[in-house]
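Q: Take a look at entry_26.txt, compact mmCIF, C-alpha atoms and all ligand atoms:
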```txt
# COMPACT_ATOMS: atom_id res chain seq x y z
CA MET A 13 -3.42 142.52 202.79
CA GLU A 14 -4.42 146.01 201.63
CA LYS A 15 -2.12 148.50 199.93
CA PHE A 16 -2.27 152.24 200.49
CA LYS A 17 -3.58 154.28 197.56
CA ASN A 18 -2.31 157.64 198.77
CA THR A 19 -0.82 159.55 201.73
CA MET A 20 -4.21 160.64 203.05
CA GLN A 21 -5.31 157.04 203.45
CA VAL A 22 -2.35 156.48 205.81
CA PHE A 23 -2.94 159.83 207.54
CA LYS A 24 -6.53 158.89 208.42
CA LEU A 25 -5.25 155.95 210.49
CA LEU A 26 -3.01 158.13 212.68
CA PRO A 27 -3.89 159.84 215.96
CA LYS A 28 -2.81 163.23 214.48
CA THR A 29 -1.17 164.41 217.69
CA ASN A 30 2.16 165.23 215.98
CA CYS A 31 3.89 163.77 219.04
CA ARG A 32 7.10 162.91 217.07
CA LYS A 33 7.62 159.55 218.70
CA CYS A 34 8.20 158.19 215.19
CA ASN A 35 11.02 160.74 214.68
CA LYS A 36 8.95 162.58 212.06
CA PRO A 37 7.92 166.19 212.68
CA THR A 38 4.23 165.60 212.00
CA CYS A 39 1.76 162.80 211.42
CA LEU A 40 1.40 164.01 207.83
CA ALA A 41 5.15 163.69 207.24
CA PHE A 42 4.96 160.21 208.74
CA ALA A 43 2.04 159.28 206.45
CA ALA A 44 3.95 160.48 203.38
CA ALA A 45 7.01 158.44 204.36
CA VAL A 46 4.88 155.31 204.89
CA PHE A 47 3.16 155.77 201.53
CA GLN A 48 6.55 156.15 199.83
CA GLY A 49 7.74 152.93 201.49
CA GLN A 50 10.53 154.62 203.47
CA ILE A 51 9.20 153.47 206.84
CA SER A 52 6.48 151.14 208.05
CA LEU A 53 3.11 151.92 209.56
CA GLY A 54 4.28 150.09 212.71
CA ASP A 55 6.83 152.84 213.36
CA CYS A 56 3.98 154.82 214.88
CA PRO A 57 3.54 153.15 218.29
CA PHE A 58 -0.16 154.01 218.42
CA ILE A 59 -1.38 151.84 215.57
CA ASP A 60 -3.42 148.94 216.87
CA GLU A 61 -2.78 145.35 215.90
CA ASP A 62 -5.91 144.99 213.74
CA THR A 63 -4.80 147.89 211.58
CA LEU A 64 -1.28 146.51 211.31
CA ASN A 65 -2.72 143.17 210.28
CA THR A 66 -4.91 144.81 207.65
CA TYR A 67 -2.07 146.75 206.06
CA GLY A 68 0.21 144.01 206.96
CA GLY A 69 3.53 142.37 206.96
CA GLU A 70 5.20 144.77 209.35
CA ASN A 71 4.32 143.21 212.68
CA VAL A 72 7.54 141.31 213.10
CA LYS A 73 9.56 144.33 212.11
CA TYR A 74 7.50 146.46 214.46
CA GLU A 75 7.87 144.05 217.33
CA SER A 76 11.63 143.79 217.04
CA ARG A 77 11.88 147.59 216.88
CA ALA A 78 9.48 147.95 219.77
CA GLU A 79 11.59 145.47 221.77
CA GLN A 80 14.75 147.39 220.96
CA GLY A 81 13.08 150.70 221.87
CA TYR A 82 11.84 149.20 225.12
CA LEU A 83 15.31 148.01 226.10
CA GLU A 84 16.78 151.43 225.33
CA VAL A 85 14.14 153.24 227.37
CA MET A 86 14.55 150.82 230.28
CA GLY A 87 18.35 151.19 230.10
CA ARG A 88 18.05 154.98 230.44
CA LEU A 89 15.53 154.73 233.27
CA LYS A 90 17.63 152.18 235.19
CA GLU A 91 20.64 154.45 234.88
CA LYS A 92 18.63 157.27 236.48
CA ILE A 93 17.41 154.91 239.21
CA ARG A 94 21.06 154.13 240.05
CA GLN A 95 21.60 157.85 240.63
CA THR A 96 18.47 158.27 242.79
CA ASP A 97 18.09 158.04 246.54
CA LEU A 98 15.31 155.43 246.58
CA ALA A 99 14.94 155.55 250.37
CA SER A 100 13.87 159.20 250.28
CA ARG A 101 11.61 158.69 247.25
CA ALA A 102 9.79 155.78 248.93
CA GLY A 103 8.06 157.82 251.62
CA LEU A 104 7.00 160.53 249.18
CA LEU A 105 5.46 158.04 246.75
CA GLY A 106 3.50 155.90 249.19
CA GLY A 107 6.04 153.09 249.17
CA THR A 108 8.53 151.50 251.57
CA PHE A 109 12.28 150.97 251.46
CA SER A 110 14.14 148.05 252.97
CA ASN A 111 17.03 145.74 252.07
CA GLY A 112 18.04 148.02 249.22
CA ARG A 113 14.63 147.87 247.57
CA LEU A 114 11.87 150.38 247.07
CA THR A 115 8.51 148.62 247.10
CA ILE A 116 5.18 150.05 246.02
CA LYS A 117 1.83 148.36 245.62
CA ILE A 118 0.44 147.96 242.13
CA MET A 119 -3.20 146.96 242.50
CA GLY A 120 -2.42 145.25 245.78
CA LYS A 121 0.68 143.41 244.55
CA ASP A 122 4.25 144.23 245.52
CA PHE A 123 6.41 145.81 242.84
CA SER A 124 10.04 146.24 243.96
CA VAL A 125 12.95 148.06 242.37
CA ASP A 126 16.48 147.73 243.69
CA THR A 127 19.20 150.37 243.55
CA ASN A 128 20.36 149.00 240.17
CA GLY A 129 16.88 149.44 238.70
CA GLU A 130 16.17 145.69 238.64
CA ILE A 131 12.49 144.86 239.05
CA SER A 132 10.90 142.04 241.01
CA THR A 133 7.15 141.62 241.20
CA ASP A 134 4.29 139.11 241.03
CA ILE A 135 2.36 141.01 238.38
CA HIS A 136 2.84 140.35 234.70
CA VAL A 137 5.10 143.20 233.56
CA ASN A 138 4.33 144.03 229.95
CA HIS A 139 6.25 146.69 228.06
CA TRP A 140 3.58 149.27 228.76
CA ILE A 141 3.84 148.93 232.52
CA ALA A 142 7.50 148.95 233.64
CA PRO A 143 8.64 152.32 232.14
CA PRO A 144 5.75 154.36 233.64
CA VAL A 145 6.31 152.76 237.05
CA LEU A 146 10.00 153.71 236.94
CA LYS A 147 8.99 157.23 235.81
CA TYR A 148 6.65 157.43 238.82
CA ILE A 149 9.56 156.53 241.09
CA LEU A 150 11.88 159.01 239.40
CA SER A 151 9.67 162.02 238.82
CA GLY A 152 6.33 161.69 240.66
CA LYS A 153 5.68 164.81 242.76
CA GLY A 154 4.05 162.80 245.53
CA LEU A 155 1.07 165.16 245.90
CA ALA A 156 -1.65 164.07 248.33
CA LEU A 157 -4.87 162.99 246.60
CA THR A 158 -7.66 165.58 246.43
CA GLU A 159 -10.30 162.84 245.95
CA THR A 160 -11.91 164.98 243.27
CA TRP A 161 -12.42 162.83 240.17
CA VAL A 162 -12.11 164.09 236.60
CA PRO A 163 -12.04 162.35 233.22
CA PHE A 164 -8.65 162.07 231.55
CA ARG A 165 -9.46 164.93 229.13
CA GLU A 166 -9.83 167.33 232.09
CA LEU A 167 -6.36 166.71 233.46
CA GLU A 168 -4.42 169.92 232.90
CA THR A 169 -1.79 168.47 230.56
CA SER A 170 -3.89 165.90 228.71
CA LYS A 171 -4.76 167.96 225.61
CA ASP A 172 -2.63 166.10 223.05
CA TRP A 173 -3.52 162.69 224.44
CA ALA A 174 -7.21 162.91 225.31
CA ARG A 175 -8.78 161.80 222.04
CA PHE A 176 -6.35 158.99 221.72
CA PHE A 177 -6.86 157.87 225.31
CA GLU A 178 -10.59 157.62 224.67
CA HIS A 179 -10.07 155.66 221.48
CA GLN A 180 -7.33 153.26 222.57
CA CYS A 181 -7.79 152.86 226.26
CA VAL A 182 -11.38 153.50 227.39
CA LYS A 183 -12.69 151.58 224.39
CA LEU A 184 -10.54 148.57 225.29
CA PHE A 185 -11.72 148.61 228.92
CA LYS A 186 -15.32 148.74 227.70
CA LYS A 187 -14.76 145.90 225.26
CA ILE A 188 -13.32 143.71 228.05
CA ALA A 189 -16.16 144.61 230.45
CA ASP A 190 -18.81 143.94 227.78
CA SER A 191 -17.42 140.58 226.76
CA ASN A 192 -16.27 139.23 230.11
CA PRO A 193 -19.06 139.13 232.73
CA SER A 194 -16.60 138.38 235.56
CA PHE A 195 -14.31 141.32 234.74
CA PHE A 196 -15.29 143.43 237.74
CA GLU A 197 -15.28 140.48 240.17
CA ASP A 198 -11.78 139.64 238.91
CA LEU A 199 -10.64 143.21 239.50
CA ILE A 200 -11.92 142.99 243.06
CA GLU A 201 -10.58 139.51 243.83
CA LEU A 202 -7.30 139.52 241.94
CA PHE A 203 -6.33 143.17 241.80
CA ASN A 204 -7.60 144.65 245.02
CA GLY A 205 -10.38 146.65 243.32
CA GLN A 206 -12.45 148.59 245.86
CA PRO A 207 -16.17 148.88 245.08
CA VAL A 208 -17.58 152.36 245.77
CA GLU A 209 -21.11 153.72 245.73
CA ASN A 210 -22.87 156.82 244.51
CA HIS A 211 -20.50 157.66 241.72
CA TYR A 212 -22.14 159.13 238.62
CA ASP A 213 -25.15 156.79 239.04
CA ALA A 214 -23.06 153.92 237.68
CA ASP A 215 -24.34 150.34 237.96
CA ILE A 216 -20.81 149.31 238.93
CA ALA A 217 -18.16 151.66 240.30
CA LEU A 218 -14.81 150.61 241.65
CA ILE A 219 -11.39 152.02 242.27
CA ILE A 220 -8.16 150.32 241.28
CA LYS A 221 -4.72 151.58 242.32
CA PRO A 222 -2.12 150.99 239.62
CA LEU A 223 0.17 153.20 241.73
CA PRO A 224 -0.27 154.39 245.32
CA LEU A 225 -0.92 158.00 244.20
CA LEU A 226 -2.63 157.15 240.93
CA PRO A 227 -6.04 155.63 241.65
CA ILE A 228 -8.47 155.10 238.76
CA LEU A 229 -12.23 155.12 239.22
CA ILE A 230 -14.01 152.82 236.77
CA CYS A 231 -17.74 153.45 236.25
CA TYR A 232 -19.80 151.04 234.17
CA ASN A 233 -23.44 151.07 233.18
CA ASN A 234 -25.04 147.87 231.90
CA PRO A 235 -26.82 147.95 228.54
CA GLU A 236 -30.47 148.84 229.03
CA ASP A 237 -33.62 149.43 226.96
CA GLY A 238 -31.76 149.17 223.67
CA LEU A 239 -29.00 151.50 224.89
CA GLU A 240 -25.40 150.36 224.71
CA SER A 241 -23.36 149.84 227.85
CA ASP A 242 -21.21 152.72 228.97
CA LEU A 243 -17.80 152.80 230.64
CA ASN A 244 -15.85 155.80 231.92
CA LEU A 245 -12.50 156.17 233.66
CA PHE A 246 -11.82 158.98 236.12
CA PHE A 247 -8.61 160.24 237.70
CA ASP A 248 -7.78 162.25 240.79
CA THR A 249 -7.05 165.89 239.87
CA THR A 250 -3.44 165.36 241.04
CA ALA A 251 -2.88 162.47 238.59
CA ASP A 252 -0.73 164.28 236.03
CA LYS A 253 1.46 165.77 238.79
CA ASN A 254 2.13 162.37 240.27
CA LEU A 255 2.85 160.82 236.87
CA PRO A 256 3.37 162.62 233.52
CA VAL A 257 0.26 162.39 231.39
CA GLU A 258 2.03 160.45 228.64
CA ASN A 259 2.91 157.79 231.21
CA ILE A 260 -0.65 157.71 232.56
CA TYR A 261 -1.77 156.94 229.04
CA THR A 262 0.84 154.22 228.63
CA LEU A 263 0.25 152.64 232.02
CA THR A 264 -3.54 152.57 231.70
CA THR A 265 -3.30 151.10 228.23
CA GLY A 266 -0.83 148.52 229.57
CA LEU A 267 -3.30 147.51 232.24
CA ALA A 268 -6.09 147.21 229.69
CA LYS A 269 -3.89 144.96 227.56
CA MET A 270 -3.00 142.87 230.60
CA PHE A 271 -6.69 142.47 231.52
CA GLU A 272 -7.52 141.58 227.93
CA LYS A 273 -4.88 138.88 227.93
CA LEU A 274 -6.09 137.50 231.25
CA ALA A 275 -9.68 137.46 230.04
CA ALA A 276 -8.62 135.52 226.94
CA THR A 277 -6.58 133.05 229.00
CA HIS A 278 -9.23 132.43 231.63
CA GLY A 279 -12.18 132.49 229.24
S1 LIG A 301 4.28 158.69 216.38
FE1 LIG A 301 2.29 158.49 215.40
S2 LIG A 301 1.07 160.06 216.39
FE2 LIG A 301 3.17 160.59 216.83
S3 LIG A 301 3.78 161.99 215.15
FE3 LIG A 301 4.36 159.96 214.53
S4 LIG A 301 2.61 159.29 213.33
FE4 LIG A 301 1.90 161.00 214.54
```
Let me see whether you can do it: turn the structure in this file into structure tokens.
A:
Amino acid sequence: MEKFKNTMQVFKLLPKTNCRKCNKPTCLAFAAAVFQGQISLGDCPFIDEDTLNTYGGENVKYESRAEQGYLEVMGRLKEKIRQTDLASRAGLLGGTFSNGRLTIKIMGKDFSVDTNGEISTDIHVNHWIAPPVLKYILSGKGLALTETWVPFRELETSKDWARFFEHQCVKLFKKIADSNPSFFEDLIELFNGQPVENHYDADIALIIKPLPLLPILICYNNPEDGLESDLNLFFDTTADKNLPVENIYTLTTGLAKMFEKLAATHG
């Protein structure tokens, strides 16, 4: 386990977005507090597991705090769901409403929420997936898709998240695609992925729909002539109106983690 030699060494590991999710005003303030032992590196939710393992010992602490934070967030979101007319939201969001439940499709699978905010679904709901889906139900604008694709960094409100999205999310998708030859077949067979043609000259291009109004276009190029493989994710230009950009980041990362877990389980 490595020990930090100074504040800057901690700072270099941070996304430097000053997003304040750690309750510190800046990443630098956070780094100083970690170096002084007042808080742990795991209090920044964007530190990956490898880094936590390297600087160690805080995983358990982090996980219990993350669990507590998750329950608090879900409690607040469920409370808002109880005050929301789900029947009227359903039509706007590409879902249906019957028997007191709003149901939307997440990659072809039903995801239902009742008027108390209780969730029932066949997909594996990790902590990165449920809150953004509830946010979509509560605050999605329900704009019709333009079918014009842009990378995450070109979404109007993505500025503070773009670099981190590339690092945490796109990289993880690429790693899964590179190491798991059946990844794209699995997306098609298990998660209703729709192959498409003529997109950015990609060897493989397919669309998944994590939410009815939030499709993601995945373009992958195989390694060739000594060049590395290449993977890019694209969003409809309406994406950050139909789901706040922070939640797009969280949801897409949640999917990547779910795919990674599946790939590990199924070899
Ligand atoms: S949560 Fe992480 S990225 Fe956000 S301000 Fe704190 S240290 Fe920086």
Q: If you measure from atom CA of Ile216 of chain A to atom CA of Pro235 of chain A, what distance in Å do you get, rounded to one decimal?
A: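 Atom-to-atom, atom CA of Ile216 of chain A and atom CA of Pro235 of chain A are spaced 12.1 Å apart.
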Q: Which residues form the shell of 6 Å around ligand LIG 301 (chain A) when you count all atoms listed in the file, given as a CSV table (one decimal) with C-alpha atoms, in the coordinates of the input?
A:
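Output (selection_16.csv):
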```csv
chain,number,residue,atom,x,y,z
A,26,LEU,CA,-3.0,158.1,212.7
A,27,PRO,CA,-3.9,159.8,216.0
A,28,LYS,CA,-2.8,163.2,214.5
A,29,THR,CA,-1.2,164.4,217.7
A,30,ASN,CA,2.2,165.2,216.0
A,31,CYS,CA,3.9,163.8,219.0
A,32,ARG,CA,7.1,162.9,217.1
A,33,LYS,CA,7.6,159.6,218.7
A,34,CYS,CA,8.2,158.2,215.2
A,36,LYS,CA,9.0,162.6,212.1
A,38,THR,CA,4.2,165.6,212.0
A,39,CYS,CA,1.8,162.8,211.4
A,42,PHE,CA,5.0,160.2,208.7
A,56,CYS,CA,4.0,154.8,214.9
A,57,PRO,CA,3.5,153.2,218.3
A,58,PHE,CA,-0.2,154.0,218.4
```
Q: Measure the distance from atom CA of Lys92 of chain A to atom CA of Lys147 of chain A in Å and round it to one decimal.
A: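 Calculated distance between atom CA of Lys92 of chain A and atom CA of Lys147 of chain A is 9.7 Å.
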Q: Between A:Thr160, A:Thr277, A:Asn138, A:Ser151, which has the minimum distance to Phe246 of chain A (counting all atoms listed in the file)?
A: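 Between A:Thr160, A:Thr277, A:Asn138, A:Ser151, the residue approaching Phe246 of chain A most closely is A:Thr160.
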Q: What is the atom CA of Thr63 of chain A to atom CA of Ile141 of chain A distance in Å?
A: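 Distance between the two atoms: 22.7 Å.
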Q: So that each row is one residue of segment 44-157 of chain A with an atom at most 9 Å from segment 256-273 of chain A, can you give its shortest atom pair and the distance in Å to one decimal, using all atoms listed in the file, rows by chain and rising number, as CSV?
A:
```
residue,atom,partner,partner_atom,distance
A:His136,CA,A:Met270,CA,7.6
A:Val137,CA,A:Met270,CA,8.6
A:Asn138,CA,A:Gly266,CA,6.9
A:His139,CA,A:Gly266,CA,7.5
A:Trp140,CA,A:Gly266,CA,4.5
A:Ile141,CA,A:Leu263,CA,5.2
A:Ala142,CA,A:Leu263,CA,8.3
A:Pro143,CA,A:Asn259,CA,8.0
A:Pro144,CA,A:Asn259,CA,5.1
A:Val145,CA,A:Leu263,CA,7.9
A:Lys147,CA,A:Asn259,CA,7.6
A:Tyr148,CA,A:Pro256,CA,8.1
A:Ser151,CA,A:Pro256,CA,8.3
A:Gly152,CA,A:Pro256,CA,7.8
```
Q: Go ahead and fit an axis-aligned box to every listed atom of segment 115-122 of chain A plus 4 Å each side, and pass me the centre and edge lengths in Å, one decimal, as JSON.
A:
```
{"center_x": 2.7, "center_y": 146.7, "center_z": 244.6, "size_x": 19.7, "size_y": 14.6, "size_z": 13.0}
```
Q: Which is closest to Gly205 of chain A among A:Gly112, A:Gly120, A:Gly238, A:Gly129, if we use only C-alpha atoms?
A: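 Smallest distance to Gly205 of chain A is found for A:Gly120.
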Q: Restricting the calculation to all atoms listed in the file, which member of A:Tyr212, A:Phe16, A:Phe196, A:Phe203 is positioned closest to Tyr67 of chain A?
A: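 Of all the options, A:Phe16 lies closest to Tyr67 of chain A.
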Q: Find the spatial neighbours of Leu155 of chain A, counting all atoms listed in the file, within a cut-off of 9 Å - ignore same-chain residues fewer than 5 positions away - and output them as a count of residues only.
A: 7
Q: For each of A:Asn234, A:Gln206, A:Asn192, A:Thr158, take the minimum atom-to-atom distance to Met119 of chain A, counting only C-alpha atoms, then give the residue where this is smallest.
A: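 Of the candidates, the smallest distance to Met119 of chain A is held by A:Gln206.
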Q: Please determine the residues with any atom at most 9 Å from (-17.7, 153.4, 234.7) (coordinates as given in the file, with all atoms listed in the file counting) and report them as an NGL selection string.
A: :A and (186 or 211-212 or 214-218 or 229-233 or 242-246)
Q: Can you pull out the residues contacting Thr133 of chain A? Cut-off 10 Å, using only C-alpha atoms, and skip same-chain residues under 2 positions away; I want them as a ChimeraX atom specification.
A: /A:115-118,121-125,131,135-137
Q: Which one is closest to Arg88 of chain A: A:Ile228, A:Leu150, A:Leu40, A:Val46? Count all atoms listed in the file.
A: A:Leu150
